[in-house]
$ cat my_file_21.pdb   # PDB, C-alpha atoms
ATOM      1  CA  MET A   1     -10.051-123.737  87.011
ATOM      2  CA  HIS A   2      -6.438-123.008  86.129
ATOM      3  CA  PHE A   3      -6.650-119.698  87.994
ATOM      4  CA  ARG A   4      -8.022-121.445  91.103
ATOM      5  CA  ASN A   5      -5.148-123.906  91.057
ATOM      6  CA  PHE A   6      -2.683-121.043  90.820
ATOM      7  CA  LYS A   7      -4.274-119.337  93.840
ATOM      8  CA  PHE A   8      -4.095-122.587  95.792
ATOM      9  CA  VAL A   9      -0.385-123.023  95.009
ATOM     10  CA  LEU A  10       0.332-119.394  95.909
ATOM     11  CA  VAL A  11      -1.417-119.710  99.276
ATOM     12  CA  ALA A  12       0.474-122.954  99.982
ATOM     13  CA  ILE A  13       3.807-121.234  99.269
ATOM     14  CA  ILE A  14       2.971-118.328 101.572
ATOM     15  CA  VAL A  15       1.942-120.690 104.386
ATOM     16  CA  SER A  16       5.122-122.719 103.885
ATOM     17  CA  PHE A  17       7.321-119.625 104.201
ATOM     18  CA  THR A  18       5.382-118.534 107.284
ATOM     19  CA  ILE A  19       5.875-121.890 109.009
ATOM     20  CA  THR A  20       9.561-121.958 108.048
ATOM     21  CA  GLY A  21      10.009-118.458 109.418
ATOM     22  CA  CYS A  22       8.415-119.432 112.723
ATOM     23  CA  ASN A  23      10.609-122.513 113.032
ATOM     24  CA  SER A  24      13.761-120.459 112.461
ATOM     25  CA  MET A  25      13.150-118.045 115.309
ATOM     26  CA  PRO A  26      16.261-117.424 117.447
ATOM     27  CA  GLU A  27      16.581-119.283 120.724
ATOM     28  CA  ARG A  28      18.356-118.195 123.882
ATOM     29  CA  VAL A  29      21.546-120.176 124.481
ATOM     30  CA  ASP A  30      22.056-121.866 127.847
ATOM     31  CA  MET A  31      25.731-120.994 128.259
ATOM     32  CA  ARG A  32      26.283-123.621 130.975
ATOM     33  CA  ASN A  33      24.728-126.497 129.060
ATOM     34  CA  ASP A  34      25.391-125.424 125.496
ATOM     35  CA  ARG A  35      26.212-128.267 123.136
ATOM     36  CA  VAL A  36      27.676-126.255 120.291
ATOM     37  CA  VAL A  37      29.184-128.302 117.483
ATOM     38  CA  GLU A  38      32.976-128.218 117.882
ATOM     39  CA  THR A  39      34.966-126.445 115.175
ATOM     40  CA  MET A  40      38.677-126.086 114.475
ATOM     41  CA  GLY A  41      38.445-122.378 115.237
ATOM     42  CA  LEU A  42      38.290-120.695 118.629
ATOM     43  CA  GLN A  43      34.849-120.479 120.229
ATOM     44  CA  TYR A  44      33.545-118.572 123.238
ATOM     45  CA  ARG A  45      33.941-121.587 125.511
ATOM     46  CA  ASP A  46      37.631-121.828 124.555
ATOM     47  CA  PHE A  47      38.130-118.279 125.823
ATOM     48  CA  ASP A  48      36.124-119.104 128.953
ATOM     49  CA  GLU A  49      38.298-122.143 129.653
ATOM     50  CA  ALA A  50      41.608-120.332 129.094
ATOM     51  CA  ALA A  51      40.521-117.322 131.158
ATOM     52  CA  ALA A  52      39.320-119.518 134.044
ATOM     53  CA  LYS A  53      42.652-121.334 134.256
ATOM     54  CA  MET A  54      44.611-118.081 134.104
ATOM     55  CA  ILE A  55      42.467-116.624 136.884
ATOM     56  CA  ASP A  56      42.983-119.676 139.079
ATOM     57  CA  SER A  57      46.733-119.392 138.630
ATOM     58  CA  LEU A  58      46.793-115.647 139.300
ATOM     59  CA  LEU A  59      44.624-115.707 142.394
ATOM     60  CA  GLY A  60      45.950-119.014 143.672
ATOM     61  CA  GLY A  61      49.445-117.604 144.162
ATOM     62  CA  ARG A  62      50.844-114.550 145.926
ATOM     63  CA  ALA A  63      51.961-112.542 142.898
ATOM     64  CA  LEU A  64      49.109-110.050 143.334
ATOM     65  CA  VAL A  65      49.173-109.866 147.139
ATOM     66  CA  HIS A  66      50.293-106.327 147.918
ATOM     67  CA  PRO A  67      52.940-106.251 150.686
ATOM     68  CA  ASN A  68      51.282-103.214 152.277
ATOM     69  CA  GLY A  69      47.811-104.706 152.164
ATOM     70  CA  GLY A  70      46.598-102.352 149.447
ATOM     71  CA  ARG A  71      45.652-102.949 145.846
ATOM     72  CA  TYR A  72      47.899-102.860 142.816
ATOM     73  CA  ILE A  73      47.065-100.634 139.863
ATOM     74  CA  LEU A  74      47.162-102.667 136.647
ATOM     75  CA  ALA A  75      47.400-101.335 133.099
ATOM     76  CA  ILE A  76      46.589-103.465 130.056
ATOM     77  CA  GLY A  77      49.466-103.581 127.592
ATOM     78  CA  ASP A  78      49.731-105.143 124.163
ATOM     79  CA  ILE A  79      47.801-108.394 123.695
ATOM     80  CA  LYS A  80      48.725-109.719 120.252
ATOM     81  CA  ASN A  81      46.635-111.965 118.045
ATOM     82  CA  ASP A  82      48.956-114.348 116.213
ATOM     83  CA  THR A  83      46.252-116.662 114.900
ATOM     84  CA  MET A  84      44.642-117.014 111.486
ATOM     85  CA  GLN A  85      41.371-115.728 112.919
ATOM     86  CA  ARG A  86      40.090-112.219 113.363
ATOM     87  CA  ILE A  87      39.470-112.235 117.086
ATOM     88  CA  ASP A  88      39.110-109.567 119.726
ATOM     89  CA  THR A  89      41.674-110.256 122.434
ATOM     90  CA  ASP A  90      39.443-108.363 124.873
ATOM     91  CA  GLN A  91      37.260-111.489 124.883
ATOM     92  CA  LEU A  92      39.968-113.170 126.955
ATOM     93  CA  ILE A  93      41.281-110.186 128.905
ATOM     94  CA  LYS A  94      37.899-108.817 129.995
ATOM     95  CA  LYS A  95      37.029-111.964 131.923
ATOM     96  CA  ILE A  96      40.386-111.854 133.692
ATOM     97  CA  ARG A  97      40.011-108.155 134.496
ATOM     98  CA  ILE A  98      36.603-108.682 136.046
ATOM     99  CA  ALA A  99      37.882-111.519 138.225
ATOM    100  CA  LEU A 100      40.894-109.492 139.382
ATOM    101  CA  LEU A 101      38.732-106.488 140.255
ATOM    102  CA  ASN A 102      36.321-108.678 142.180
ATOM    103  CA  SER A 103      39.223-110.232 144.089
ATOM    104  CA  GLY A 104      40.017-106.892 145.728
ATOM    105  CA  ARG A 105      43.718-107.233 144.896
ATOM    106  CA  VAL A 106      43.825-105.098 141.768
ATOM    107  CA  VAL A 107      42.258-102.021 140.215
ATOM    108  CA  VAL A 108      42.609-101.422 136.486
ATOM    109  CA  SER A 109      43.730 -98.140 134.965
ATOM    110  CA  THR A 110      41.585 -96.972 132.061
ATOM    111  CA  ALA A 111      43.572 -93.737 131.730
ATOM    112  CA  VAL A 112      46.447 -95.357 129.846
ATOM    113  CA  GLY A 113      46.781 -98.052 127.240
ATOM    114  CA  VAL A 114      48.674 -99.103 124.143
ATOM    115  CA  ASN A 115      46.311 -97.068 121.968
ATOM    116  CA  GLY A 116      45.800 -94.267 124.460
ATOM    117  CA  ALA A 117      43.237 -93.967 127.207
ATOM    118  CA  GLU A 118      40.655 -96.737 127.235
ATOM    119  CA  ASP A 119      38.112 -94.242 128.541
ATOM    120  CA  LYS A 120      38.505 -91.032 126.510
ATOM    121  CA  MET A 121      36.182 -89.169 128.871
ATOM    122  CA  ILE A 122      38.971 -89.035 131.471
ATOM    123  CA  TYR A 123      40.870 -86.519 129.377
ATOM    124  CA  MET A 124      37.821 -84.836 127.889
ATOM    125  CA  GLN A 125      36.748 -83.923 131.417
ATOM    126  CA  ARG A 126      40.103 -82.235 131.986
ATOM    127  CA  GLU A 127      39.600 -80.123 128.892
ATOM    128  CA  LEU A 128      36.851 -78.331 130.813
ATOM    129  CA  ARG A 129      39.366 -76.554 133.027
ATOM    130  CA  GLY A 130      38.874 -72.816 132.761
ATOM    131  CA  ASN A 131      35.548 -73.182 130.919
ATOM    132  CA  SER A 132      33.196 -70.750 132.659
ATOM    133  CA  GLU A 133      30.167 -72.799 131.623
ATOM    134  CA  PHE A 134      31.177 -75.537 134.048
ATOM    135  CA  ASN A 135      31.395 -75.539 137.812
ATOM    136  CA  GLN A 136      35.139 -75.758 138.288
ATOM    137  CA  THR A 137      34.833 -77.395 141.693
ATOM    138  CA  ARG A 138      33.668 -80.552 139.900
ATOM    139  CA  VAL A 139      36.395 -80.500 137.269
ATOM    140  CA  ALA A 140      39.265 -82.904 137.979
ATOM    141  CA  LYS A 141      42.303 -81.210 139.457
ATOM    142  CA  LYS A 142      45.855 -81.700 138.252
ATOM    143  CA  ALA A 143      47.985 -84.560 139.558
ATOM    144  CA  GLN A 144      44.970 -86.739 140.388
ATOM    145  CA  LEU A 145      45.565 -89.558 137.906
ATOM    146  CA  GLN A 146      47.254 -92.600 139.396
ATOM    147  CA  ALA A 147      50.275 -94.197 137.722
ATOM    148  CA  PHE A 148      50.162 -97.971 137.399
ATOM    149  CA  ASP A 149      52.295-100.508 139.236
ATOM    150  CA  LEU A 150      51.807-103.478 136.933
ATOM    151  CA  SER A 151      51.191-104.084 133.258
ATOM    152  CA  MET A 152      49.648-107.085 131.538
ATOM    153  CA  SER A 153      50.854-108.178 128.114
ATOM    154  CA  GLY A 154      50.409-111.342 126.135
ATOM    155  CA  LYS A 155      49.728-113.197 122.946
ATOM    156  CA  ILE A 156      47.367-115.755 121.442
ATOM    157  CA  LEU A 157      49.211-118.055 119.027
ATOM    158  CA  GLN A 158      48.032-120.675 116.587
ATOM    159  CA  ARG A 159      50.183-123.507 115.262
ATOM    160  CA  ASN A 160      48.811-126.084 112.817
ATOM    161  CA  VAL A 161      50.422-129.528 112.581
ATOM    162  CA  THR A 162      49.594-132.322 110.116
ATOM    163  CA  THR A 163      49.205-135.525 112.118
ATOM    164  CA  GLY A 164      48.713-137.949 109.230
ATOM    165  CA  GLY A 165      45.670-139.828 108.060
ATOM    166  CA  GLY A 166      44.238-136.668 106.580
ATOM    167  CA  LYS A 167      44.120-135.019 110.011
ATOM    168  CA  THR A 168      45.356-131.634 111.167
ATOM    169  CA  GLN A 169      45.848-130.452 114.737
ATOM    170  CA  ALA A 170      45.418-126.785 115.620
ATOM    171  CA  ASP A 171      47.192-125.799 118.831
ATOM    172  CA  TYR A 172      46.195-122.490 120.424
ATOM    173  CA  TYR A 173      48.456-120.989 123.078
ATOM    174  CA  PHE A 174      47.135-118.327 125.432
ATOM    175  CA  GLN A 175      50.122-116.542 126.982
ATOM    176  CA  LEU A 176      50.062-113.739 129.546
ATOM    177  CA  THR A 177      52.738-111.899 131.528
ATOM    178  CA  ILE A 178      52.381-109.430 134.382
ATOM    179  CA  THR A 179      55.327-107.075 134.802
ATOM    180  CA  ASP A 180      56.303-104.815 137.687
ATOM    181  CA  VAL A 181      56.872-101.570 135.756
ATOM    182  CA  ASN A 182      59.125-100.138 138.465
ATOM    183  CA  THR A 183      61.651-102.955 138.211
ATOM    184  CA  GLY A 184      60.867-104.287 134.739
ATOM    185  CA  LEU A 185      60.619-107.778 136.176
ATOM    186  CA  GLY A 186      57.897-110.244 135.299
ATOM    187  CA  ILE A 187      56.136-111.282 138.506
ATOM    188  CA  TRP A 188      53.772-113.812 136.916
ATOM    189  CA  GLU A 189      53.474-115.721 133.666
ATOM    190  CA  GLY A 190      50.842-118.109 132.468
ATOM    191  CA  GLU A 191      50.264-120.276 129.410
ATOM    192  CA  GLU A 192      47.266-122.386 128.521
ATOM    193  CA  ARG A 193      46.975-124.575 125.429
ATOM    194  CA  ILE A 194      43.833-125.707 123.679
ATOM    195  CA  SER A 195      44.226-128.277 120.890
ATOM    196  CA  LYS A 196      41.731-129.325 118.250
ATOM    197  CA  ARG A 197      42.118-132.145 115.739
ATOM    198  CA  GLY A 198      40.065-132.664 112.629
ATOM    199  CA  SER A 199      40.072-133.138 108.882
ATOM    200  CA  SER A 200      42.849-131.362 107.001
ATOM    201  CA  ARG A 201      40.098-129.806 104.920
ATOM    202  CA  SER A 202      38.657-128.149 108.033
ATOM    203  CA  VAL A 203      39.222-124.437 108.282
ATOM    204  CA  SER A 204      40.624-122.992 111.511
ATOM    205  CA  TRP A 205      39.891-119.327 110.990
TER     206      TRP A 205
END

$ encode --input "my_file_21.pdb" --output "structure tokens"
Amino acid sequence: MHFRNFKFVLVAIIVSFTITGCNSMPERVDMRNDRVVETMGLQYRDFDEAAAKMIDSLLGGRALVHPNGGRYILAIGDIKNDTMQRIDTDQLIKKIRIALLNSGRVVVSTAVGVNGAEDKMIYMQRELRGNSEFNQTRVAKKAQLQAFDLSMSGKILQRNVTTGGGKTQADYYFQLTITDVNTGLGIWEGEERISKRGSSRSVSW
């Protein structure tokens, strides 16, 4: 009788774990109607909001309208993370790059960057010159890479302020500058701030 009771309890435990496992299956997130619980840290929708405002400012003005009707070549410079979070600044910049490319005003150089070429294959292909195993007519010739006209640099900053009543406000500043590399003059600058207020015990990283 004792053994039967043990078997019953064991089966019940297995069924319970099975049901729990089924209920914890991942669900696809509706990005447009997502109701994620707000946190003091940066979330994907914060990057979406900052990027959208930067794009509106960039494309709403004439900074990127080429005087000859062509397209500028843009290189991505140093985008610094000055927050207490480990974030990938590409999360902000990629959205802006896509919008600029789709606008027809700008093309982005992947041959140069702060840490070298973004696409290493550009230079690896050129290492095939003189290699008899490769058809040399398809190997990139010298002096084909295009120098860039503009560079984009920026920073994401975080500043925490105690507001009293056990509350803390985290201010995040998204700052970008586009510079004409021929003249060294900034032709556009943008800054967007996102602020979050919560308990001083809340973490913002």

$ residues_around --input "my_file_21.pdb" --residues "region 38-45 of chain A" --least-positions-apart "6" --cutoff "12 Å" --atoms "all atoms listed in the file" --output "PyMOL selection string"
chain A and resi 31-32+51-52+83-92+95+156-160+167-174+193-205

$ closest_residue --input "my_file_21.pdb" --among "A:Val107, A:Met54, A:Asn135, A:Ala140" --to "Met121 (chain A)" --atoms "only C-alpha atoms"
A:Ala140

$ residues_near_point --input "my_file_21.pdb" --point "(59.5, -100.5, 136.3)" --cutoff "10 Å" --atoms "only C-alpha atoms" --output "JSON, numbers by chain"
{"A": [148, 149, 150, 151, 179, 180, 181, 182, 183, 184, 185, 186]}

$ write_last_selection --input "my_file_21.pdb" --atoms "C-alpha atoms" --output "mmCIF file, in the frame of the given file"
data_model
loop_
_atom_site.group_PDB
_atom_site.id
_atom_site.type_symbol
_atom_site.label_atom_id
_atom_site.label_comp_id
_atom_site.auth_asym_id
_atom_site.auth_seq_id
_atom_site.Cartn_x
_atom_site.Cartn_y
_atom_site.Cartn_z
ATOM 1 C CA PHE A 148 50.162 -97.971 137.399
ATOM 2 C CA ASP A 149 52.295 -100.508 139.236
ATOM 3 C CA LEU A 150 51.807 -103.478 136.933
ATOM 4 C CA SER A 151 51.191 -104.084 133.258
ATOM 5 C CA THR A 179 55.327 -107.075 134.802
ATOM 6 C CA ASP A 180 56.303 -104.815 137.687
ATOM 7 C CA VAL A 181 56.872 -101.570 135.756
ATOM 8 C CA ASN A 182 59.125 -100.138 138.465
ATOM 9 C CA THR A 183 61.651 -102.955 138.211
ATOM 10 C CA GLY A 184 60.867 -104.287 134.739
ATOM 11 C CA LEU A 185 60.619 -107.778 136.176
ATOM 12 C CA GLY A 186 57.897 -110.244 135.299
#

$ resolve_selection --input "my_file_21.pdb" --expression "the PyMOL selection byres ((chain A and resi 96-101) around 10)" --output "list of chain:residue names"
A:Asp48, A:Ala50, A:Ala51, A:Ala52, A:Lys53, A:Met54, A:Ile55, A:Asp56, A:Leu58, A:Leu59, A:Leu64, A:Arg71, A:Leu74, A:Ile76, A:Asp90, A:Gln91, A:Leu92, A:Ile93, A:Lys94, A:Lys95, A:Asn102, A:Ser103, A:Gly104, A:Arg105, A:Val106, A:Val107, A:Val108

$ atom_distance --input "my_file_21.pdb" --atom1 "CA of Val139 (chain A)" --atom2 "CA of Glu118 (chain A)"
19.6 Å

$ atom_distance --input "my_file_21.pdb" --atom1 "CA of Ile122 (chain A)" --atom2 "CA of Arg138 (chain A)"
13.1 Å

$ atom_distance --input "my_file_21.pdb" --atom1 "CA of Leu145 (chain A)" --atom2 "CA of Asn131 (chain A)"
20.4 Å

$ resolve_selection --input "my_file_21.pdb" --expression "the PyMOL selection byres ((chain A and resi 176) around 8)" --output "NGL selection string"
:A and (152-155 or 174-175 or 177-178 or 189-191)

$ residues_around --input "my_file_21.pdb" --residues "Thr110 (chain A)" --least-positions-apart "6" --cutoff "8 Å" --atoms "only C-alpha atoms" --output "JSON, numbers by chain"
{"A": [75, 117, 118, 119]}

$ write_last_selection --input "my_file_21.pdb" --atoms "C-alpha atoms" --output "PDB file, in the coordinates of the input"
ATOM      1  CA  ALA A  75      47.400-101.335 133.099  1.00  0.00           C
ATOM      2  CA  ALA A 117      43.237 -93.967 127.207  1.00  0.00           C
ATOM      3  CA  GLU A 118      40.655 -96.737 127.235  1.00  0.00           C
ATOM      4  CA  ASP A 119      38.112 -94.242 128.541  1.00  0.00           C
TER       5      ASP A 119
END

$ axis_aligned_box --input "my_file_21.pdb" --around "region 126-129 of chain A" --padding-each-side "5 Å" --output "AutoDock Vina command-line options"
--center_x 38.5 --center_y -79.4 --center_z 131.0 --size_x 13.3 --size_y 15.7 --size_z 14.1

$ decode --input "my_file_21.pdb" --residues "region 70-86 of chain A" --atoms "N, CA and C atoms" --output "PDB file, in the first residue's frame"
ATOM      1  N   GLY A  70      23.656  63.830 -55.754  1.00  0.00           N
ATOM      2  CA  GLY A  70      24.109  62.461 -55.517  1.00  0.00           C
ATOM      3  C   GLY A  70      23.854  62.019 -54.080  1.00  0.00           C
ATOM      4  N   ARG A  71      24.613  61.012 -53.668  1.00  0.00           N
ATOM      5  CA  ARG A  71      24.473  60.506 -52.314  1.00  0.00           C
ATOM      6  C   ARG A  71      25.795  60.656 -51.565  1.00  0.00           C
ATOM      7  N   TYR A  72      25.707  61.042 -50.326  1.00  0.00           N
ATOM      8  CA  TYR A  72      26.898  61.120 -49.489  1.00  0.00           C
ATOM      9  C   TYR A  72      27.354  59.717 -49.087  1.00  0.00           C
ATOM     10  N   ILE A  73      28.656  59.593 -48.846  1.00  0.00           N
ATOM     11  CA  ILE A  73      29.197  58.356 -48.286  1.00  0.00           C
ATOM     12  C   ILE A  73      29.475  58.608 -46.812  1.00  0.00           C
ATOM     13  N   LEU A  74      28.838  57.813 -45.961  1.00  0.00           N
ATOM     14  CA  LEU A  74      28.919  57.999 -44.508  1.00  0.00           C
ATOM     15  C   LEU A  74      29.720  56.875 -43.875  1.00  0.00           C
ATOM     16  N   ALA A  75      30.627  57.238 -42.984  1.00  0.00           N
ATOM     17  CA  ALA A  75      31.359  56.248 -42.185  1.00  0.00           C
ATOM     18  C   ALA A  75      30.909  56.374 -40.733  1.00  0.00           C
ATOM     19  N   ILE A  76      30.860  55.257 -40.031  1.00  0.00           N
ATOM     20  CA  ILE A  76      30.444  55.252 -38.631  1.00  0.00           C
ATOM     21  C   ILE A  76      31.678  55.372 -37.748  1.00  0.00           C
ATOM     22  N   GLY A  77      31.730  56.456 -36.977  1.00  0.00           N
ATOM     23  CA  GLY A  77      32.853  56.692 -36.084  1.00  0.00           C
ATOM     24  C   GLY A  77      32.613  56.086 -34.713  1.00  0.00           C
ATOM     25  N   ASP A  78      33.155  56.714 -33.709  1.00  0.00           N
ATOM     26  CA  ASP A  78      33.099  56.197 -32.348  1.00  0.00           C
ATOM     27  C   ASP A  78      31.769  56.561 -31.690  1.00  0.00           C
ATOM     28  N   ILE A  79      31.021  55.559 -31.274  1.00  0.00           N
ATOM     29  CA  ILE A  79      29.776  55.758 -30.536  1.00  0.00           C
ATOM     30  C   ILE A  79      30.026  55.219 -29.125  1.00  0.00           C
ATOM     31  N   LYS A  80      30.164  56.103 -28.160  1.00  0.00           N
ATOM     32  CA  LYS A  80      30.568  55.701 -26.817  1.00  0.00           C
ATOM     33  C   LYS A  80      29.362  55.380 -25.930  1.00  0.00           C
ATOM     34  N   ASN A  81      29.558  54.404 -25.075  1.00  0.00           N
ATOM     35  CA  ASN A  81      28.552  54.032 -24.090  1.00  0.00           C
ATOM     36  C   ASN A  81      29.006  54.552 -22.730  1.00  0.00           C
ATOM     37  N   ASP A  82      28.374  55.606 -22.259  1.00  0.00           N
ATOM     38  CA  ASP A  82      28.726  56.195 -20.972  1.00  0.00           C
ATOM     39  C   ASP A  82      27.577  55.982 -19.979  1.00  0.00           C
ATOM     40  N   THR A  83      27.041  54.762 -19.995  1.00  0.00           N
ATOM     41  CA  THR A  83      25.990  54.402 -19.049  1.00  0.00           C
ATOM     42  C   THR A  83      26.524  53.322 -18.119  1.00  0.00           C
ATOM     43  N   MET A  84      25.717  52.940 -17.149  1.00  0.00           N
ATOM     44  CA  MET A  84      26.103  51.874 -16.226  1.00  0.00           C
ATOM     45  C   MET A  84      25.656  50.507 -16.740  1.00  0.00           C
ATOM     46  N   GLN A  85      25.209  50.473 -17.992  1.00  0.00           N
ATOM     47  CA  GLN A  85      24.733  49.224 -18.573  1.00  0.00           C
ATOM     48  C   GLN A  85      25.689  48.756 -19.664  1.00  0.00           C
ATOM     49  N   ARG A  86      25.727  47.476 -19.855  1.00  0.00           N
ATOM     50  CA  ARG A  86      26.489  46.907 -20.961  1.00  0.00           C
ATOM     51  C   ARG A  86      25.548  46.834 -22.159  1.00  0.00           C
TER      52      ARG A  86
END
